[in-house]
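Coordinates from coords-v4.tsv are shown below (TSV, C-alpha atoms).
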```tsv
chain	number	residue	atom	x	y	z
A	118	MET	CA	-22.04	169.60	132.26
A	119	SER	CA	-18.29	169.25	132.85
A	120	LYS	CA	-18.88	166.25	135.16
A	121	VAL	CA	-20.89	164.53	132.45
A	122	ILE	CA	-18.06	165.14	129.95
A	123	ASP	CA	-15.48	163.90	132.46
A	124	LYS	CA	-17.40	160.66	133.02
A	125	GLY	CA	-17.83	160.21	129.28
A	126	ILE	CA	-14.10	160.68	128.71
A	127	ASP	CA	-13.28	158.26	131.53
A	128	PHE	CA	-15.59	155.61	130.06
A	129	PHE	CA	-14.08	156.05	126.60
A	130	ILE	CA	-10.41	156.24	127.57
A	131	LYS	CA	-10.10	153.65	130.33
A	132	PRO	CA	-9.91	150.61	127.94
A	133	PHE	CA	-6.87	152.17	126.23
A	134	ILE	CA	-4.81	152.72	129.37
A	135	GLY	CA	-2.00	150.20	129.78
A	136	ASN	CA	1.18	150.66	131.81
A	137	VAL	CA	1.59	153.95	133.64
A	138	ASN	CA	5.07	154.41	135.04
A	139	ASN	CA	5.61	156.79	137.97
A	140	PHE	CA	1.92	157.72	138.17
A	141	LYS	CA	2.63	159.73	141.33
A	142	GLY	CA	4.63	162.13	139.15
A	143	LEU	CA	1.33	163.58	137.92
A	144	SER	CA	0.22	164.48	141.43
A	145	THR	CA	0.92	168.12	142.12
A	146	THR	CA	0.18	170.61	144.89
A	147	GLN	CA	1.27	173.58	142.80
A	148	PRO	CA	0.89	174.75	139.19
A	149	SER	CA	2.96	172.65	136.82
A	150	ILE	CA	3.81	172.44	133.13
A	151	PHE	CA	3.68	168.97	131.63
A	152	ILE	CA	5.32	168.38	128.26
A	153	ALA	CA	5.02	165.31	126.05
A	154	ASN	CA	5.52	163.99	122.53
A	155	HIS	CA	2.41	164.46	120.37
A	156	SER	CA	1.15	161.50	118.35
A	157	SER	CA	-2.61	161.69	118.35
A	158	TYR	CA	-5.76	163.61	119.22
A	159	LEU	CA	-6.10	160.88	121.85
A	160	ASP	CA	-3.11	162.32	123.74
A	161	HIS	CA	-5.33	165.00	125.30
A	162	PHE	CA	-7.82	162.51	126.67
A	163	VAL	CA	-5.20	160.10	128.00
A	164	MET	CA	-3.48	162.91	129.89
A	165	MET	CA	-6.79	164.40	131.01
A	166	TYR	CA	-7.91	161.05	132.40
A	167	LEU	CA	-4.65	160.32	134.24
A	168	PHE	CA	-4.23	163.85	135.59
A	169	ARG	CA	-7.75	163.83	136.99
A	170	LYS	CA	-7.10	160.46	138.65
A	171	ALA	CA	-3.98	161.88	140.28
A	172	ASN	CA	-5.58	165.25	141.12
A	173	PRO	CA	-9.38	164.78	141.55
A	174	ASN	CA	-10.07	168.44	142.26
A	175	LYS	CA	-7.76	170.04	139.70
A	176	ARG	CA	-8.06	170.83	136.00
A	177	LEU	CA	-5.44	170.37	133.31
A	178	TYR	CA	-5.38	172.92	130.48
A	179	PHE	CA	-4.27	172.20	126.91
A	180	LEU	CA	-3.15	174.24	123.92
A	181	THR	CA	-5.16	173.84	120.71
A	182	LYS	CA	-4.77	175.44	117.29
A	183	LYS	CA	-6.91	178.58	117.07
A	184	GLU	CA	-8.74	177.26	113.98
A	185	ALA	CA	-10.54	174.79	116.28
A	186	PHE	CA	-12.36	177.78	117.79
A	187	ASP	CA	-13.71	179.13	114.50
A	188	LYS	CA	-16.99	177.19	114.49
A	189	PRO	CA	-19.50	177.53	117.37
A	190	LEU	CA	-19.87	173.82	118.20
A	191	SER	CA	-16.15	173.16	117.95
A	192	ARG	CA	-15.43	176.22	120.10
A	193	LYS	CA	-17.89	175.07	122.77
A	194	TRP	CA	-16.42	171.56	122.77
A	195	HIS	CA	-12.83	172.75	123.12
A	196	LYS	CA	-13.71	175.22	125.85
A	197	SER	CA	-15.33	172.38	127.80
A	198	LEU	CA	-12.00	170.56	127.60
A	199	ASN	CA	-10.09	173.53	129.09
A	200	THR	CA	-8.18	174.34	125.94
A	201	ILE	CA	-6.35	177.55	125.13
A	202	PRO	CA	-6.33	178.72	121.49
A	203	VAL	CA	-2.88	179.29	120.03
A	204	ASN	CA	-1.59	180.54	116.69
A	205	ARG	CA	0.93	177.97	115.49
A	206	ASP	CA	2.36	180.23	112.80
A	207	GLY	CA	4.41	182.34	115.17
A	208	ASN	CA	4.83	183.67	118.71
A	209	ASP	CA	1.32	184.07	120.09
A	210	ILE	CA	1.67	186.66	122.86
A	211	ARG	CA	-2.03	186.44	123.74
A	212	ALA	CA	-1.79	182.65	124.23
A	213	ILE	CA	1.34	183.02	126.37
A	214	LYS	CA	-0.42	185.56	128.59
A	215	ARG	CA	-3.39	183.22	128.91
A	216	ILE	CA	-1.11	180.34	129.91
A	217	LEU	CA	0.62	182.48	132.51
A	218	ASP	CA	-2.80	183.49	133.83
A	219	VAL	CA	-3.85	179.84	134.14
A	220	LEU	CA	-0.65	179.02	135.99
A	221	GLU	CA	-0.65	182.02	138.31
A	222	SER	CA	-4.22	183.23	138.84
A	223	LYS	CA	-6.09	179.93	138.48
A	224	ASN	CA	-3.38	177.90	140.22
A	225	SER	CA	-3.79	175.22	137.54
A	226	SER	CA	-1.49	173.11	135.39
A	227	VAL	CA	-0.91	173.15	131.64
A	228	MET	CA	-0.15	170.37	129.15
A	229	ILE	CA	2.09	171.48	126.25
A	230	TYR	CA	3.27	169.51	123.22
A	231	PRO	CA	6.52	171.24	122.18
A	232	GLU	CA	6.50	169.65	118.69
A	233	GLY	CA	3.58	171.95	117.91
A	234	THR	CA	1.51	169.39	116.00
A	235	ARG	CA	0.81	165.66	115.83
A	236	THR	CA	3.42	163.51	114.15
A	237	ALA	CA	2.42	162.37	110.67
A	238	ASN	CA	4.61	159.25	110.78
A	239	GLY	CA	5.19	158.22	114.39
A	240	LEU	CA	8.63	159.81	114.67
A	241	VAL	CA	9.26	162.31	117.47
A	242	ASP	CA	10.36	165.69	116.14
A	243	LYS	CA	12.47	168.35	117.86
A	244	GLY	CA	10.62	170.29	120.52
A	245	LYS	CA	10.17	174.05	120.33
A	246	LEU	CA	11.37	176.28	123.12
A	247	GLY	CA	8.01	177.83	124.12
A	248	ALA	CA	7.21	175.58	127.09
A	249	ALA	CA	10.65	176.11	128.60
A	250	PHE	CA	10.37	179.87	128.11
A	251	ILE	CA	7.02	179.91	129.92
A	252	ALA	CA	8.48	177.79	132.72
A	253	MET	CA	11.44	180.17	133.07
A	254	THR	CA	9.18	183.23	133.06
A	255	SER	CA	6.62	181.87	135.51
A	256	LYS	CA	9.06	179.96	137.74
A	257	VAL	CA	6.81	176.92	137.32
A	258	PRO	CA	8.45	173.46	137.14
A	259	ILE	CA	8.33	171.22	134.07
A	260	THR	CA	7.47	167.53	134.17
A	261	PRO	CA	8.49	165.46	131.09
A	262	VAL	CA	6.01	162.81	129.97
A	263	GLY	CA	6.50	160.07	127.37
A	264	LEU	CA	3.51	158.71	125.45
A	265	ASN	CA	4.01	155.34	123.76
A	266	GLY	CA	1.88	153.51	121.20
A	267	ILE	CA	-0.82	156.15	120.83
A	268	PHE	CA	0.14	156.81	117.21
A	269	ASP	CA	-0.74	153.19	116.43
A	270	VAL	CA	-4.15	153.57	118.08
A	271	LEU	CA	-5.31	156.78	116.44
A	272	PRO	CA	-2.86	158.45	114.03
A	273	LYS	CA	-3.44	161.71	112.24
A	274	TYR	CA	-6.32	161.73	109.68
A	275	ARG	CA	-8.02	158.70	111.29
A	276	ILE	CA	-11.39	158.88	113.03
A	277	LEU	CA	-11.89	155.46	114.63
A	278	PRO	CA	-9.27	154.27	117.14
A	279	LYS	CA	-7.92	150.73	117.31
A	280	LEU	CA	-8.52	149.08	120.67
A	281	LYS	CA	-4.95	148.73	121.87
A	282	LYS	CA	-3.28	149.55	125.14
A	283	VAL	CA	-1.01	152.58	125.36
A	284	SER	CA	1.65	153.29	127.95
A	285	VAL	CA	2.59	156.51	129.70
A	286	SER	CA	5.83	157.25	131.56
A	287	ILE	CA	6.10	160.29	133.80
A	288	GLY	CA	9.49	161.75	134.61
A	289	ASP	CA	10.64	163.73	137.61
A	290	GLN	CA	9.63	167.36	138.06
A	291	LEU	CA	12.36	169.75	136.93
A	292	GLU	CA	13.08	173.34	137.89
A	293	ILE	CA	14.37	175.55	135.07
A	294	GLN	CA	17.77	176.92	136.05
A	295	SER	CA	18.50	179.05	132.97
A	296	GLN	CA	18.74	182.83	133.07
A	297	ASN	CA	18.86	183.55	129.33
A	298	ARG	CA	17.83	182.10	125.97
A	299	LYS	CA	21.19	180.45	125.21
A	300	GLU	CA	21.23	178.60	128.52
A	301	LEU	CA	17.54	177.76	128.12
A	302	THR	CA	18.08	176.22	124.68
A	303	THR	CA	20.70	173.82	126.04
A	304	GLU	CA	18.67	173.01	129.15
A	305	PHE	CA	15.53	172.33	127.14
A	306	GLU	CA	17.38	170.03	124.73
A	307	ASN	CA	18.30	167.90	127.75
A	308	ILE	CA	14.70	167.93	128.98
A	309	TRP	CA	13.37	167.00	125.54
A	310	SER	CA	15.80	164.07	125.35
A	311	LYS	CA	14.18	162.82	128.56
A	312	VAL	CA	10.74	163.01	126.88
A	313	ILE	CA	12.01	160.95	123.93
A	314	LYS	CA	13.57	158.37	126.25
A	315	LEU	CA	10.39	158.15	128.36
A	316	SER	CA	8.24	157.74	125.26
A	317	GLY	CA	10.13	154.74	123.96
A	318	GLU	CA	9.41	156.09	120.49
A	319	ILE	CA	11.85	156.74	117.66
A	320	SER	CA	13.00	160.31	117.10
A	321	LYS	CA	13.70	161.78	113.68
A	322	GLU	CA	17.35	162.03	114.66
A	323	ASP	CA	17.47	158.25	115.26
A	324	THR	CA	16.89	157.62	111.55
A	325	THR	CA	19.27	157.96	108.61
A	326	ILE	CA	16.75	159.99	106.59
A	327	PRO	CA	18.27	163.25	105.28
A	328	SER	CA	16.68	166.55	106.25
A	329	GLY	CA	15.54	169.12	103.71
A	330	LEU	CA	13.31	166.76	101.73
A	331	LYS	CA	9.86	167.86	100.60
A	332	PRO	CA	7.07	166.60	102.93
A	333	ASN	CA	5.79	163.75	100.75
A	334	GLU	CA	9.29	162.73	99.73
A	335	TYR	CA	10.23	162.59	103.40
A	336	GLN	CA	7.15	160.51	104.24
A	337	LEU	CA	8.02	157.96	101.55
A	338	GLN	CA	11.55	157.74	102.94
A	339	VAL	CA	10.11	157.13	106.42
A	340	ALA	CA	7.92	154.31	105.09
A	341	HIS	CA	11.02	152.78	103.44
A	342	TRP	CA	13.03	153.19	106.64
A	343	TYR	CA	10.31	151.49	108.72
A	344	ASN	CA	10.23	148.55	106.31
A	345	GLU	CA	14.00	148.20	106.32
A	346	GLN	CA	14.15	148.30	110.11
A	347	GLY	CA	11.30	145.83	110.40
A	348	ILE	CA	13.03	143.40	108.04
A	349	ARG	CA	16.37	143.73	109.87
A	350	HIS	CA	14.66	143.11	113.24
A	351	TYR	CA	17.52	144.53	115.29
A	352	PRO	CA	17.47	143.26	118.92
A	353	ASN	CA	17.72	146.77	120.39
A	354	ALA	CA	14.94	148.25	118.20
A	355	LYS	CA	12.37	150.35	120.04
A	356	LEU	CA	9.48	149.02	117.96
A	357	LYS	CA	8.49	145.50	116.96
A	358	PRO	CA	8.78	144.57	113.25
A	359	ASN	CA	5.02	144.35	112.67
A	360	GLN	CA	4.53	147.72	114.32
A	361	MET	CA	7.00	149.26	111.87
A	362	HIS	CA	5.40	147.59	108.86
A	363	LYS	CA	1.94	148.78	109.91
A	364	ARG	CA	3.25	152.32	110.18
A	365	ALA	CA	4.67	152.00	106.67
A	366	ILE	CA	1.22	150.93	105.46
A	367	TYR	CA	-0.45	153.91	107.13
A	368	ILE	CA	2.05	156.37	105.63
A	369	THR	CA	1.76	154.94	102.11
A	370	LYS	CA	-2.04	154.97	102.28
A	371	GLU	CA	-1.89	158.69	102.97
A	372	LEU	CA	0.57	159.22	100.12
A	373	LEU	CA	-1.63	157.28	97.70
A	374	LYS	CA	-4.57	159.53	98.60
A	375	GLN	CA	-2.48	162.30	97.04
A	376	ASN	CA	-1.34	160.01	94.19
A	377	TYR	CA	2.25	160.67	95.19
A	378	GLU	CA	4.78	158.42	93.40
A	379	PRO	CA	2.13	155.65	93.26
A	380	GLU	CA	4.45	152.88	92.04
A	381	LYS	CA	6.91	153.60	94.89
A	382	SER	CA	4.16	154.00	97.50
A	383	LEU	CA	2.52	150.74	96.39
A	384	TYR	CA	5.91	149.01	96.42
A	385	GLU	CA	6.55	149.98	100.04
A	386	GLN	CA	2.98	149.07	100.98
A	387	ALA	CA	3.33	145.65	99.32
A	388	ARG	CA	6.61	145.05	101.17
A	389	ALA	CA	4.90	145.84	104.47
A	390	TYR	CA	1.90	143.59	103.79
A	391	GLY	CA	4.22	140.82	102.62
A	392	ARG	CA	6.25	140.98	105.80
A	393	LEU	CA	3.12	140.95	107.96
A	394	GLY	CA	2.10	137.81	106.08
A	395	SER	CA	5.47	136.08	106.40
A	396	ASN	CA	5.71	137.00	110.10
A	397	SER	CA	2.27	135.64	110.95
A	398	THR	CA	1.88	132.22	112.59
A	399	SER	CA	-1.78	132.05	111.55
A	400	PHE	CA	-2.41	130.44	108.15
A	401	LEU	CA	-5.48	132.57	107.43
A	402	THR	CA	-3.85	135.81	108.57
A	403	SER	CA	-0.77	135.03	106.52
A	404	LYS	CA	-2.82	134.32	103.38
A	405	TYR	CA	-4.79	137.54	103.91
A	406	TYR	CA	-1.70	139.76	104.14
A	407	LEU	CA	0.14	137.99	101.32
A	408	GLY	CA	-2.95	138.42	99.15
A	409	LYS	CA	-2.97	142.15	99.95
A	410	ALA	CA	0.72	142.36	99.10
A	411	GLU	CA	0.16	140.66	95.76
A	412	LYS	CA	-2.64	143.07	94.82
A	413	LYS	CA	-0.55	146.12	95.72
A	414	ILE	CA	2.54	144.98	93.83
A	415	ASN	CA	0.43	144.11	90.78
A	416	LYS	CA	-0.89	147.68	90.80
A	417	ALA	CA	2.66	149.02	91.00
A	418	LEU	CA	3.72	146.91	88.02
A	419	THR	CA	0.65	148.04	86.08
A	420	ILE	CA	1.82	151.63	86.50
A	421	VAL	CA	5.52	150.93	85.73
A	422	PRO	CA	5.94	147.41	84.27
A	423	ASP	CA	9.76	147.46	84.42
A	424	TYR	CA	10.03	148.89	87.95
A	425	GLY	CA	12.83	146.73	89.33
A	426	PRO	CA	12.07	146.94	93.06
A	427	ALA	CA	8.45	145.91	92.43
A	428	GLN	CA	9.63	143.00	90.25
A	429	TYR	CA	11.83	141.85	93.11
A	430	VAL	CA	8.93	141.94	95.58
A	431	LYS	CA	6.68	140.15	93.09
A	432	ALA	CA	9.33	137.43	92.74
A	433	THR	CA	9.59	137.06	96.51
A	434	LEU	CA	5.81	136.79	96.87
A	435	ARG	CA	5.64	134.18	94.11
A	436	LEU	CA	8.39	132.24	95.91
A	437	TRP	CA	6.44	132.36	99.17
A	438	ASN	CA	3.46	131.02	97.26
A	439	HIS	CA	5.55	128.11	95.92
A	440	ASP	CA	5.41	129.36	92.32
A	441	LEU	CA	9.10	128.91	91.51
A	442	ASN	CA	8.86	129.38	87.73
A	443	SER	CA	7.08	132.72	88.06
A	444	ALA	CA	9.50	133.78	90.81
A	445	LEU	CA	12.50	133.04	88.59
A	446	SER	CA	10.98	135.09	85.77
A	447	TYR	CA	10.51	138.13	88.00
A	448	PHE	CA	13.92	137.71	89.66
A	449	LYS	CA	15.52	137.69	86.21
A	450	ALA	CA	13.69	140.90	85.23
A	451	ALA	CA	14.59	142.56	88.54
A	452	ASN	CA	18.25	141.61	88.10
A	453	GLU	CA	18.27	143.15	84.62
A	454	ASN	CA	16.65	146.38	85.82
A	455	LEU	CA	18.56	146.67	89.10
A	456	VAL	CA	22.12	146.20	87.91
A	457	ASN	CA	24.66	145.40	90.67
A	458	GLN	CA	22.06	145.18	93.45
A	459	VAL	CA	23.40	142.53	95.80
A	460	TYR	CA	20.06	141.78	97.48
A	461	VAL	CA	18.53	140.90	94.10
A	462	LYS	CA	21.44	138.74	93.00
A	463	ILE	CA	21.56	136.64	96.16
A	464	ALA	CA	17.78	136.11	96.22
A	465	TYR	CA	17.85	135.17	92.55
A	466	ALA	CA	20.78	132.79	93.18
A	467	LYS	CA	18.90	131.02	96.00
A	468	ALA	CA	15.87	130.59	93.73
A	469	LEU	CA	18.11	129.13	91.01
A	470	VAL	CA	19.53	126.66	93.52
A	471	GLN	CA	15.97	125.54	94.33
A	472	ASP	CA	15.44	125.05	90.62
A	473	GLY	CA	18.63	122.99	90.33
A	474	ASN	CA	20.35	125.51	88.06
A	475	TYR	CA	23.62	125.53	89.98
A	476	THR	CA	25.77	126.98	87.20
A	477	ALA	CA	23.65	130.14	86.88
A	478	ALA	CA	23.53	130.45	90.67
A	479	GLN	CA	27.33	130.20	90.90
A	480	GLN	CA	27.68	132.92	88.27
A	481	LEU	CA	25.50	135.34	90.28
A	482	LEU	CA	27.31	134.52	93.53
A	483	SER	CA	30.67	135.05	91.85
A	484	GLU	CA	29.49	138.49	90.68
A	485	ILE	CA	28.73	139.37	94.31
A	486	MET	CA	32.16	138.17	95.42
A	487	SER	CA	33.92	140.27	92.78
A	488	ALA	CA	31.95	143.42	93.53
A	489	GLY	CA	33.87	146.42	94.84
A	490	LYS	CA	33.38	148.11	98.17
A	491	LEU	CA	29.91	147.49	99.62
A	492	ASN	CA	27.87	148.99	102.44
A	493	GLN	CA	27.62	147.15	105.76
A	494	VAL	CA	24.41	145.29	104.92
A	495	ASP	CA	25.66	144.17	101.52
A	496	GLU	CA	28.98	143.06	103.03
A	497	ARG	CA	26.97	140.69	105.23
A	498	ARG	CA	25.21	139.47	102.09
A	499	ARG	CA	28.62	138.92	100.50
A	500	HIS	CA	29.56	136.62	103.41
A	501	GLU	CA	26.28	134.77	102.88
A	502	ALA	CA	27.09	134.49	99.16
A	503	ALA	CA	30.53	133.09	99.99
A	504	ALA	CA	29.04	130.42	102.26
A	505	LEU	CA	26.50	129.43	99.60
A	506	LEU	CA	29.16	129.39	96.89
A	507	MET	CA	31.36	127.05	98.94
A	508	ARG	CA	28.43	124.68	99.48
A	509	LEU	CA	27.76	124.59	95.73
A	510	SER	CA	31.42	124.19	94.83
A	511	PRO	CA	33.54	123.02	97.78
A	512	ASN	CA	36.80	123.47	95.85
A	513	VAL	CA	36.19	127.12	95.05
A	514	ILE	CA	38.43	129.68	96.73
A	515	VAL	CA	36.58	132.76	98.00
```
Can the structure from this file be put into structure tokens for me?
Amino acid sequence: MSKVIDKGIDFFIKPFIGNVNNFKGLSTTQPSIFIANHSSYLDHFVMMYLFRKANPNKRLYFLTKKEAFDKPLSRKWHKSLNTIPVNRDGNDIRAIKRILDVLESKNSSVMIYPEGTRTANGLVDKGKLGAAFIAMTSKVPITPVGLNGIFDVLPKYRILPKLKKVSVSIGDQLEIQSQNRKELTTEFENIWSKVIKLSGEISKEDTTIPSGLKPNEYQLQVAHWYNEQGIRHYPNAKLKPNQMHKRAIYITKELLKQNYEPEKSLYEQARAYGRLGSNSTSFLTSKYYLGKAEKKINKALTIVPDYGPAQYVKATLRLWNHDLNSALSYFKAANENLVNQVYVKIAYAKALVQDGNYTAAQQLLSEIMSAGKLNQVDERRRHEAAALLMRLSPNVIV
């Protein structure tokens, strides 16, 4: 039966396998602990497939939440995949003993995801110390593994995967040198940083999102952060702009299922769809995404008609659709509701220039120039405003 399952998994997983860096790092002649970032239920099958290719006669064991063993069919399925039930609410002594037994008595290897659960937004969280503690206790080496792109194939709460290639990077095997918990904590932090680097994914600590937020509030902030990063398109970004916008869409869809801050969730979703449309080189694809963006922002404005950020997005979408009069109307409303927002003023000023209303445009640009201290992004906008102002009025001193 296990051979039939193995062949089925191989057939299913093979189309998803892209680049595998340092494949030989999975080959092992002794028990090993592999640790990786956890993005998807697909992680198990990707690692299972690759480990079996590297070690045809060996089995790789996984940890799975104990609730997966509650129902008979689910229990049978997870046992066939060599999974070990674990209580995620605290230290599970029984699970630790079982892992040690697998490593020592069965001479097998174990795959552990130190984050404890799949990411809900694509960001890599801090790893928990359990895997390193087991490695220290058993004297078994740890191999860091980075999984990239799997979140975009099959994120949490999704059933059908998207047919995209994922990449896997295997690090060098590491022997735990620590003798106590304090040393182990520092050593594991260094190992976990290797996992993050190998994954090529963004860690929570890479963002500017404050900690301590409630879960849904945090998720909305992540969606906003993805959109901002996608728009900025920094050259050293780990993810491509469209990848970030699609993650923002996924997150906001989940938030809308819970009806969480619907006008804000729809606003971020509309921004993401709009950017996918503006980034597309295909006319039909662009029209499709821009149409989706328009529908989402209309819903947001139905909920809160004077929601400034949504008015700004609506104006931008109308501008992209060559409806200047409507765009100007929404820019004006956004400027009234979002007082002193530089991004609104400069976009509104550009639209006024298109309309030939140079006097009103100069007034808005002058307001930007006379603004007080601005953040880094808005300071760049101020330079842009200065350049535009000098083109409109060459004799002006800025």
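For the choices A:Lys412, A:Lys449, A:Lys467, A:Lys374, the atom-to-atom distance to Leu434 of chain A is smallest for A:Lys412 when using all atoms listed in the file.
Atom CA of Ala488 of chain A to atom CA of Asp472 of chain A spans 24.9 Å [interatomic distance, one decimal].
Distance-wise, atom CA of Val421 of chain A and atom CA of Arg392 of chain A end up 22.4 Å apart.
Taking only C-alpha atoms into account, Ile319 of chain A lies nearest to A:Asp242 out of the set A:Asp209, A:Asp242, A:Glu411, A:Glu232.
You can rank A:Leu220, A:Ala248, A:Leu291, A:Ile126 by their closest distance to Gly233 of chain A using only C-alpha atoms, and at the top of that list sits A:Ala248.
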Separating atom CA of Lys416 of chain A from atom CA of Glu380 of chain A, to the nearest tenth of an Å, is a gap of 7.6 Å
Find the residues around Gln458 of chain A up to 10 Å (all atoms listed in the file counted), leave out those fewer than 5 positions away in its own chain, and share them as a PyMOL selection string.
chain A and resi 451-453+463+485+495
Using only C-alpha atoms, tabulate the residues of segment 377-401 of chain A lying at most 8 Å from any atom of segment 361-365 of chain A, each with its closest atom pair and that distance in Å to one decimal, by chain and increasing residue number, as JSON lines.
```
{"residue": "A:Glu385", "atom": "CA", "partner": "A:Ala365", "partner_atom": "CA", "distance": 7.2}
{"residue": "A:Gln386", "atom": "CA", "partner": "A:Ala365", "partner_atom": "CA", "distance": 6.6}
{"residue": "A:Ala389", "atom": "CA", "partner": "A:His362", "partner_atom": "CA", "distance": 4.8}
{"residue": "A:Tyr390", "atom": "CA", "partner": "A:His362", "partner_atom": "CA", "distance": 7.3}
{"residue": "A:Arg392", "atom": "CA", "partner": "A:His362", "partner_atom": "CA", "distance": 7.3}
{"residue": "A:Leu393", "atom": "CA", "partner": "A:His362", "partner_atom": "CA", "distance": 7.1}
```
Those residues with C-alpha atoms, as an mmCIF file, in the frame of the given file please?
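This is the output file again_3.cif:
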```
data_model
loop_
_atom_site.group_PDB
_atom_site.id
_atom_site.type_symbol
_atom_site.label_atom_id
_atom_site.label_comp_id
_atom_site.auth_asym_id
_atom_site.auth_seq_id
_atom_site.Cartn_x
_atom_site.Cartn_y
_atom_site.Cartn_z
ATOM 1 C CA GLU A 385 6.550 149.980 100.040
ATOM 2 C CA GLN A 386 2.980 149.070 100.980
ATOM 3 C CA ALA A 389 4.900 145.840 104.470
ATOM 4 C CA TYR A 390 1.900 143.590 103.790
ATOM 5 C CA ARG A 392 6.250 140.980 105.800
ATOM 6 C CA LEU A 393 3.120 140.950 107.960
#
```
Give me, as an MDAnalysis selection string, all polymer residues having an atom no more than 10 Å from segment 262-270 of chain A, counting all atoms listed in the file and skipping those fewer than 5 positions away in the same chain.
chainID A and resid 133 135:138 142:143 151:160 163:164 228 230 235:240 275 277:290 309 311:318 356 360:361 363:364 367
